[in-house]
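K.L.:
File name target_2.txt; file contents compact mmCIF, C-alpha atoms; full text below.
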```txt
# COMPACT_ATOMS: atom_id res chain seq x y z
CA MET A 1 3.81 14.69 10.26
CA ALA A 2 4.68 11.03 10.27
CA ASN A 3 8.13 9.72 11.07
CA SER A 4 7.42 6.02 11.00
CA ILE A 5 5.23 3.46 9.27
CA LEU A 6 4.40 -0.18 9.88
CA VAL A 7 3.51 -2.23 6.81
CA LEU A 8 1.34 -5.25 7.58
CA ILE A 9 1.56 -8.14 5.14
CA THR A 10 -1.49 -10.36 5.63
CA LYS A 11 -1.72 -12.06 2.23
CA PRO A 12 0.32 -15.03 0.94
CA PRO A 13 2.83 -14.68 -1.89
CA TYR A 14 1.92 -15.26 -5.54
CA GLY A 15 -1.54 -15.47 -7.04
CA LEU A 16 -2.06 -12.11 -5.42
CA GLU A 17 0.00 -8.99 -5.91
CA GLU A 18 -0.67 -7.73 -2.40
CA ALA A 19 2.38 -8.97 -0.49
CA PHE A 20 4.82 -7.88 -3.18
CA ALA A 21 3.12 -4.47 -3.38
CA GLY A 22 3.44 -4.06 0.36
CA LEU A 23 7.13 -4.90 0.30
CA ARG A 24 7.72 -2.36 -2.48
CA LEU A 25 5.85 0.30 -0.55
CA ALA A 26 8.03 -0.42 2.48
CA LEU A 27 11.12 -0.10 0.30
CA ALA A 28 9.95 3.28 -1.01
CA MET A 29 9.56 4.54 2.55
CA GLY A 30 12.83 3.01 3.72
CA VAL A 31 14.98 4.44 0.94
CA ASN A 32 13.75 7.90 1.93
CA GLY A 33 14.97 7.36 5.48
CA MET A 34 11.60 6.94 7.16
CA LYS A 35 11.58 4.50 10.07
CA THR A 36 9.81 1.58 8.41
CA SER A 37 9.00 -1.89 9.67
CA VAL A 38 7.27 -4.82 8.00
CA LEU A 39 5.17 -7.32 9.90
CA MET A 40 4.11 -10.59 8.29
CA LEU A 41 1.02 -12.01 9.95
CA GLU A 42 -1.97 -14.24 9.24
CA ASP A 43 -1.46 -15.81 5.78
CA GLY A 44 1.28 -13.23 5.22
CA VAL A 45 3.65 -15.55 7.11
CA PHE A 46 3.81 -17.77 4.00
CA ASN A 47 6.03 -15.02 2.54
CA ALA A 48 8.67 -16.04 5.08
CA LEU A 49 9.21 -19.56 3.71
CA ALA A 50 12.70 -20.17 2.37
CA ALA A 51 11.54 -22.81 -0.12
CA GLN A 52 9.49 -20.45 -2.29
CA LYS A 53 9.94 -21.04 -6.01
CA PRO A 54 8.44 -17.99 -7.71
CA GLU A 55 10.05 -18.95 -11.01
CA ALA A 56 7.53 -21.79 -11.19
CA VAL A 57 4.74 -19.23 -11.63
CA LYS A 58 6.92 -16.62 -13.38
CA MET A 59 6.44 -14.12 -10.57
CA PRO A 60 9.01 -11.80 -8.98
CA SER A 61 10.55 -13.22 -5.81
CA ASN A 62 9.09 -12.02 -2.54
CA ILE A 63 12.25 -13.29 -0.84
CA GLU A 64 14.37 -10.94 -2.92
CA ALA A 65 11.88 -8.12 -2.37
CA THR A 66 12.17 -8.73 1.38
CA LYS A 67 15.95 -8.93 1.41
CA GLU A 68 16.20 -5.62 -0.46
CA LEU A 69 14.65 -4.06 2.63
CA TYR A 70 17.57 -5.23 4.75
CA ASP A 71 19.88 -2.94 2.73
CA PHE A 72 17.93 0.03 4.09
CA GLU A 73 17.70 -1.29 7.64
CA VAL A 74 13.99 -2.03 7.36
CA PRO A 75 13.34 -4.87 9.82
CA VAL A 76 10.92 -7.61 8.83
CA TYR A 77 9.02 -9.41 11.57
CA VAL A 78 6.95 -12.59 11.47
CA VAL A 79 4.27 -13.46 14.03
CA LYS A 80 5.09 -16.72 15.80
CA GLU A 81 1.52 -17.71 16.61
CA ASP A 82 0.56 -17.40 12.93
CA LEU A 83 3.53 -19.58 11.94
CA ASP A 84 2.52 -22.17 14.55
CA ALA A 85 -1.10 -22.16 13.42
CA ARG A 86 0.02 -23.00 9.88
CA GLY A 87 2.51 -25.66 10.94
CA ILE A 88 5.56 -23.68 9.85
CA PRO A 89 8.66 -24.18 12.05
CA GLU A 90 11.15 -21.33 12.30
CA SER A 91 13.75 -23.57 10.67
CA LYS A 92 11.84 -23.22 7.38
CA LEU A 93 12.19 -19.42 7.23
CA PHE A 94 14.78 -17.57 5.20
CA GLU A 95 17.52 -15.60 6.92
CA GLY A 96 17.20 -12.14 8.39
CA LEU A 97 13.60 -12.36 9.56
CA LYS A 98 12.75 -11.67 13.20
CA VAL A 99 10.09 -13.87 14.79
CA VAL A 100 7.94 -12.05 17.36
CA SER A 101 4.97 -12.91 19.55
CA ALA A 102 1.49 -11.63 18.79
CA ALA A 103 1.74 -9.51 21.94
CA LYS A 104 4.90 -7.85 20.62
CA ALA A 105 3.20 -7.31 17.26
CA LYS A 106 0.41 -5.47 19.04
CA GLU A 107 2.98 -3.23 20.73
CA MET A 108 4.53 -2.49 17.34
CA LEU A 109 1.26 -0.99 16.15
CA ALA A 110 1.53 1.60 18.88
CA GLU A 111 5.21 2.24 18.21
CA HIS A 112 4.65 3.52 14.66
CA ASP A 113 2.91 6.73 13.59
CA LEU A 114 1.08 5.13 10.65
CA THR A 115 0.05 1.65 9.61
CA THR A 116 -1.01 0.25 6.25
CA THR A 117 -2.28 -3.24 5.43
CA PHE A 118 -1.63 -5.48 2.45
CA MET B 1 -2.53 23.90 11.93
CA ALA B 2 -4.64 21.69 9.67
CA LYS B 3 -4.10 17.97 9.93
CA THR B 4 -3.26 15.89 6.89
CA LEU B 5 -4.89 12.66 5.74
CA THR B 6 -3.60 10.30 3.07
CA ILE B 7 -5.93 7.74 1.52
CA LEU B 8 -4.18 4.81 -0.15
CA TRP B 9 -6.63 2.93 -2.34
CA ARG B 10 -5.91 -0.26 -4.23
CA THR B 11 -9.13 -1.37 -5.91
CA GLY B 12 -10.16 -0.35 -9.39
CA SER B 13 -12.77 1.78 -11.06
CA MET B 14 -15.26 -1.01 -11.72
CA MET B 15 -16.75 -4.00 -9.82
CA ALA B 16 -16.42 -2.36 -6.41
CA MET B 17 -17.38 0.95 -4.84
CA ASP B 18 -14.09 1.22 -2.94
CA ALA B 19 -12.68 4.05 -5.04
CA ASN B 20 -15.97 5.95 -4.80
CA VAL B 21 -15.91 5.48 -1.04
CA ALA B 22 -12.33 6.71 -0.96
CA VAL B 23 -13.42 9.93 -2.69
CA LYS B 24 -16.32 10.32 -0.26
CA ILE B 25 -13.97 9.98 2.70
CA ALA B 26 -11.59 12.44 1.09
CA MET B 27 -14.32 15.03 0.60
CA ALA B 28 -15.69 14.54 4.10
CA ALA B 29 -12.21 15.07 5.55
CA LYS B 30 -11.70 18.10 3.34
CA LYS B 31 -14.93 19.63 4.65
CA LYS B 32 -13.63 19.10 8.18
CA GLY B 33 -10.52 21.08 7.34
CA TYR B 34 -8.01 18.33 6.60
CA ASN B 35 -5.43 18.54 3.88
CA VAL B 36 -6.13 15.40 1.87
CA HIS B 37 -3.90 13.35 -0.40
CA MET B 38 -5.01 10.29 -2.37
CA PHE B 39 -2.69 7.70 -3.84
CA GLY B 40 -3.80 4.93 -6.21
CA TYR B 41 -1.74 1.75 -6.07
CA GLY B 42 -2.16 -1.58 -7.85
CA GLU B 43 -5.63 -1.82 -9.43
CA GLY B 44 -6.39 1.57 -7.90
CA VAL B 45 -4.69 3.28 -10.81
CA THR B 46 -7.59 2.39 -13.12
CA ALA B 47 -9.79 4.90 -11.30
CA VAL B 48 -7.86 7.82 -12.78
CA LYS B 49 -8.25 6.64 -16.40
CA LYS B 50 -9.65 9.45 -18.51
CA GLY B 51 -12.84 8.80 -20.51
CA GLN B 52 -14.62 6.32 -18.26
CA ARG B 53 -18.26 5.81 -19.28
CA PRO B 54 -20.02 3.58 -16.74
CA LYS B 55 -23.67 3.17 -17.73
CA ARG B 56 -25.30 2.52 -14.40
CA PHE B 57 -22.73 3.38 -11.77
CA PRO B 58 -21.17 6.56 -10.47
CA ASN B 59 -18.22 7.73 -12.57
CA VAL B 60 -15.27 7.63 -10.19
CA GLY B 61 -13.04 9.44 -12.67
CA GLU B 62 -15.42 12.41 -12.61
CA GLU B 63 -15.67 12.19 -8.83
CA LEU B 64 -11.90 12.30 -8.52
CA GLU B 65 -11.71 15.26 -10.89
CA GLN B 66 -14.23 17.14 -8.78
CA ALA B 67 -12.28 16.28 -5.63
CA GLY B 68 -9.16 17.58 -7.32
CA LYS B 69 -10.88 20.88 -8.05
CA GLU B 70 -11.69 21.12 -4.36
CA GLY B 71 -8.07 20.68 -3.37
CA VAL B 72 -7.60 16.94 -2.90
CA THR B 73 -4.18 16.10 -4.33
CA GLN B 74 -3.99 12.84 -6.26
CA ALA B 75 -1.22 10.64 -7.58
CA VAL B 76 -0.97 7.06 -8.78
CA CYS B 77 1.83 4.55 -9.12
CA GLU B 78 3.48 4.90 -12.53
CA THR B 79 4.70 1.28 -12.58
CA CYS B 80 1.17 0.02 -11.92
CA PHE B 81 -0.25 2.41 -14.53
CA ALA B 82 2.16 1.29 -17.24
CA ALA B 83 1.72 -2.38 -16.30
CA ARG B 84 -1.95 -2.09 -17.22
CA GLY B 85 -1.23 -0.65 -20.64
CA PHE B 86 -1.98 2.98 -19.80
CA GLU B 87 0.23 5.76 -21.09
CA ARG B 88 0.92 9.18 -19.65
CA GLY B 89 -1.80 11.55 -20.84
CA GLU B 90 -4.51 8.96 -20.33
CA GLU B 91 -5.02 10.09 -16.73
CA ILE B 92 -7.63 12.61 -15.60
CA PRO B 93 -6.23 16.15 -15.18
CA SER B 94 -6.45 16.11 -11.38
CA ALA B 95 -4.19 13.06 -11.03
CA LYS B 96 -0.44 12.84 -11.34
CA VAL B 97 1.18 9.68 -12.62
CA GLY B 98 3.89 9.51 -9.99
CA SER B 99 5.76 7.10 -7.80
CA LEU B 100 5.86 5.45 -4.41
CA THR B 101 9.32 6.80 -3.71
CA ASN B 102 8.53 10.43 -4.43
CA ASP B 103 4.81 11.12 -4.29
CA LEU B 104 3.55 8.54 -1.81
CA PHE B 105 6.53 9.12 0.47
CA LYS B 106 5.81 12.86 0.46
CA PHE B 107 2.11 12.26 1.17
CA VAL B 108 2.87 9.80 3.98
CA SER B 109 5.54 11.92 5.61
CA GLU B 110 3.15 14.88 5.74
CA SER B 111 0.29 12.84 7.17
CA ASP B 112 -1.23 12.55 10.61
CA ARG B 113 -3.48 9.72 9.45
CA LEU B 114 -3.26 7.05 6.75
CA VAL B 115 -6.37 5.22 5.58
CA THR B 116 -5.93 2.13 3.40
CA ILE B 117 -8.82 0.98 1.23
CA ALA B 118 -8.35 -2.45 -0.33
CA ARG B 119 -9.80 -5.95 -0.55
```
If you convert what's in this file into structure tokens, what do you get?
P.N.:
Amino acid sequence: MANSILVLITKPPYGLEEAFAGLRLALAMGVNGMKTSVLMLEDGVFNALAAQKPEAVKMPSNIEATKELYDFEVPVYVVKEDLDARGIPESKLFEGLKVVSAAKAKEMLAEHDLTTTF
Amino acid sequence: MAKTLTILWRTGSMMAMDANVAVKIAMAAKKKGYNVHMFGYGEGVTAVKKGQRPKRFPNVGEELEQAGKEGVTQAVCETCFAARGFERGEEIPSAKVGSLTNDLFKFVSESDRLVTIAR
């Protein structure tokens, strides 16, 4: 029996459906009351940029998909080292995200019963 | 008490063996006494399309049907299924066209292990 799940988002937004699909899966778990967390890492941190313009490629907004999680108290974390490696300062992220160290991200893996990767 | 495994697969019926591998894992776990659920998400939904006729490759639709007969429960994402132009009734009998919120949540909440197969 699982009581919690960690959803890893490793792919960038747009051009691929992966990140959006991961956010929707997290929403489905969260609305049912399961303890759910999302962790953006590797190229997944590009989903955290506030300046995304999905309308330019006629795709649904990953920012909106992320913010819908907040309504169900699903926290969304972003790995600092992966932001730094890509030259993204925290000031460029949209609101509500929690920046964590890679070490903390590793701890989060152990804190959840199940993990899935997108 | 038997443990439960959910396999979440997200690649399609053709061009990769991922779905076939997912069935193999499911059957191996079943033989070891696990309860096994499979959920097709994204491109994964194409693996449950009825009437597949691959000429030179294993037929994953038939493999899934056989797994279903041996007790592996299967569901796929309805939104993903419809997005690809499939209609209800076009799925193999062993698979349910379901949802993340109901079917996948149920599978996940029952599970001791979750295996994700994707590219």
K.L.:
Measure the distance from CA of Leu8 (chain B) to CA of Leu27 (chain A) in Å and round it to one decimal.
P.N.:
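Calculated distance between CA of Leu8 (chain B) and CA of Leu27 (chain A) is 16.1 Å.
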K.L.:
Would you work out the distance separating CA of Pro12 (chain A) from CA of Gly44 (chain A), expressed in Å to one decimal?
P.N.:
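Separation between CA of Pro12 (chain A) and CA of Gly44 (chain A): 4.7 Å.
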K.L.:
Show me, as a PyMOL selection string, the residues that have an atom within 7 Å of Ile5 (chain A) when counting all atoms listed in the file, minus same-chain residues fewer than 2 positions from it.
P.N.:
chain A and resi 7+35-37+112-115
K.L.:
So that I have them on file, write out the residues from the current selection with C-alpha atoms, as an mmCIF file, in the frame of the given file.
P.N.:
```cif
data_model
loop_
_atom_site.group_PDB
_atom_site.id
_atom_site.type_symbol
_atom_site.label_atom_id
_atom_site.label_comp_id
_atom_site.auth_asym_id
_atom_site.auth_seq_id
_atom_site.Cartn_x
_atom_site.Cartn_y
_atom_site.Cartn_z
ATOM 1 C CA VAL A 7 3.510 -2.230 6.810
ATOM 2 C CA LYS A 35 11.580 4.500 10.070
ATOM 3 C CA THR A 36 9.810 1.580 8.410
ATOM 4 C CA SER A 37 9.000 -1.890 9.670
ATOM 5 C CA HIS A 112 4.650 3.520 14.660
ATOM 6 C CA ASP A 113 2.910 6.730 13.590
ATOM 7 C CA LEU A 114 1.080 5.130 10.650
ATOM 8 C CA THR A 115 0.050 1.650 9.610
#
```
K.L.:
Got a sec to pull out which chain B residues are within 7 Å of chain A, counting only C-alpha atoms, and send them as a ChimeraX atom specification?
P.N.:
/B:100-101,105,108-114,116
K.L.:
Find the residues near Ala67 (chain B): any atom within 10 Å, counting all atoms listed in the file, skip ones fewer than 2 places away on the same chain, and give them as number ranges by chain.
P.N.:
B: 23-24, 26-27, 30, 36, 38, 61-65, 69-74, 94
K.L.:
When you count only C-alpha atoms, which of these residues is closest to Lys53 (chain A): A:Tyr14, A:Glu107, A:Gly96, A:Glu90?
P.N.:
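Counting only C-alpha atoms, the residue closest to Lys53 (chain A) is A:Tyr14.
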K.L.:
Looking at all atoms listed in the file, which of A:Leu49, A:Leu23, A:Leu39, A:Pro13 is the one that sits closest to Arg86 (chain A)?
P.N.:
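Between A:Leu49, A:Leu23, A:Leu39, A:Pro13, the residue approaching Arg86 (chain A) most closely is A:Leu49.
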K.L.:
Could you give me, as a JSON list (two decimals) with C-alpha atoms, in the coordinates of the input, the residues within 12 Å of Phe81 (chain B), counting all atoms listed in the file and dropping anything in the same chain fewer than 6 positions from it?
P.N.:
```json
[["chain", "number", "residue", "atom", "x", "y", "z"],
["B", 12, "GLY", "CA", -10.16, -0.35, -9.39],
["B", 40, "GLY", "CA", -3.80, 4.93, -6.21],
["B", 41, "TYR", "CA", -1.74, 1.75, -6.07],
["B", 42, "GLY", "CA", -2.16, -1.58, -7.85],
["B", 43, "GLU", "CA", -5.63, -1.82, -9.43],
["B", 44, "GLY", "CA", -6.39, 1.57, -7.90],
["B", 45, "VAL", "CA", -4.69, 3.28, -10.81],
["B", 46, "THR", "CA", -7.59, 2.39, -13.12],
["B", 47, "ALA", "CA", -9.79, 4.90, -11.30],
["B", 48, "VAL", "CA", -7.86, 7.82, -12.78],
["B", 49, "LYS", "CA", -8.25, 6.64, -16.40],
["B", 75, "ALA", "CA", -1.22, 10.64, -7.58],
["B", 87, "GLU", "CA", 0.23, 5.76, -21.09],
["B", 88, "ARG", "CA", 0.92, 9.18, -19.65],
["B", 89, "GLY", "CA", -1.80, 11.55, -20.84],
["B", 90, "GLU", "CA", -4.51, 8.96, -20.33],
["B", 91, "GLU", "CA", -5.02, 10.09, -16.73],
["B", 95, "ALA", "CA", -4.19, 13.06, -11.03],
["B", 96, "LYS", "CA", -0.44, 12.84, -11.34],
["B", 97, "VAL", "CA", 1.18, 9.68, -12.62],
["B", 98, "GLY", "CA", 3.89, 9.51, -9.99],
["B", 99, "SER", "CA", 5.76, 7.10, -7.80]]
```
K.L.:
Can you work out the spacing between CA of Ala48 (chain A) and CA of Leu16 (chain A) in Å, to one decimal?
P.N.:
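Computed distance, CA of Ala48 (chain A) to CA of Leu16 (chain A), equals 15.5 Å.
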K.L.:
Write out as a list in words each polymer residue whose atoms come within 10 Å of Phe94 (chain A), counting only C-alpha atoms; drop sequence neighbours fewer than 5 positions from it.
P.N.:
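Using only C-alpha atoms, the neighbours found are Asn47, Ala48, Leu49, Ala50, Ala51, Gln52, Ile63, Thr66 and Lys67 of chain A.
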K.L.:
N, CA and C atoms are what I want for region 15-26 of chain A; can you complete it accordingly and write them as a PDB file, in the frame of the given file?
P.N.:
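And here is the file that came out, selection06.pdb:
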```pdb
ATOM      1  N   GLY A  15      -0.095 -15.397  -6.856  1.00  0.00           N
ATOM      2  CA  GLY A  15      -1.540 -15.470  -7.040  1.00  0.00           C
ATOM      3  C   GLY A  15      -2.216 -14.163  -6.700  1.00  0.00           C
ATOM      4  N   LEU A  16      -1.623 -13.450  -5.784  1.00  0.00           N
ATOM      5  CA  LEU A  16      -2.060 -12.110  -5.420  1.00  0.00           C
ATOM      6  C   LEU A  16      -0.852 -11.194  -5.493  1.00  0.00           C
ATOM      7  N   GLU A  17      -1.097  -9.948  -5.821  1.00  0.00           N
ATOM      8  CA  GLU A  17       0.000  -8.990  -5.910  1.00  0.00           C
ATOM      9  C   GLU A  17       0.256  -8.298  -4.577  1.00  0.00           C
ATOM     10  N   GLU A  18      -0.648  -8.544  -3.617  1.00  0.00           N
ATOM     11  CA  GLU A  18      -0.670  -7.730  -2.400  1.00  0.00           C
ATOM     12  C   GLU A  18       0.653  -7.720  -1.621  1.00  0.00           C
ATOM     13  N   ALA A  19       1.178  -8.906  -1.329  1.00  0.00           N
ATOM     14  CA  ALA A  19       2.380  -8.970  -0.490  1.00  0.00           C
ATOM     15  C   ALA A  19       3.551  -8.263  -1.163  1.00  0.00           C
ATOM     16  N   PHE A  20       3.727  -8.531  -2.447  1.00  0.00           N
ATOM     17  CA  PHE A  20       4.820  -7.880  -3.180  1.00  0.00           C
ATOM     18  C   PHE A  20       4.644  -6.359  -3.162  1.00  0.00           C
ATOM     19  N   ALA A  21       3.394  -5.919  -3.375  1.00  0.00           N
ATOM     20  CA  ALA A  21       3.120  -4.470  -3.380  1.00  0.00           C
ATOM     21  C   ALA A  21       3.446  -3.854  -2.027  1.00  0.00           C
ATOM     22  N   GLY A  22       3.140  -4.565  -0.969  1.00  0.00           N
ATOM     23  CA  GLY A  22       3.440  -4.060   0.360  1.00  0.00           C
ATOM     24  C   GLY A  22       4.934  -3.943   0.614  1.00  0.00           C
ATOM     25  N   LEU A  23       5.675  -4.938   0.140  1.00  0.00           N
ATOM     26  CA  LEU A  23       7.130  -4.900   0.300  1.00  0.00           C
ATOM     27  C   LEU A  23       7.738  -3.748  -0.487  1.00  0.00           C
ATOM     28  N   ARG A  24       7.195  -3.477  -1.674  1.00  0.00           N
ATOM     29  CA  ARG A  24       7.720  -2.360  -2.480  1.00  0.00           C
ATOM     30  C   ARG A  24       7.385  -1.017  -1.835  1.00  0.00           C
ATOM     31  N   LEU A  25       6.200  -0.943  -1.251  1.00  0.00           N
ATOM     32  CA  LEU A  25       5.850   0.300  -0.550  1.00  0.00           C
ATOM     33  C   LEU A  25       6.815   0.521   0.614  1.00  0.00           C
ATOM     34  N   ALA A  26       7.098  -0.540   1.353  1.00  0.00           N
ATOM     35  CA  ALA A  26       8.030  -0.420   2.480  1.00  0.00           C
ATOM     36  C   ALA A  26       9.409   0.032   1.988  1.00  0.00           C
TER      37      ALA A  26
END
```
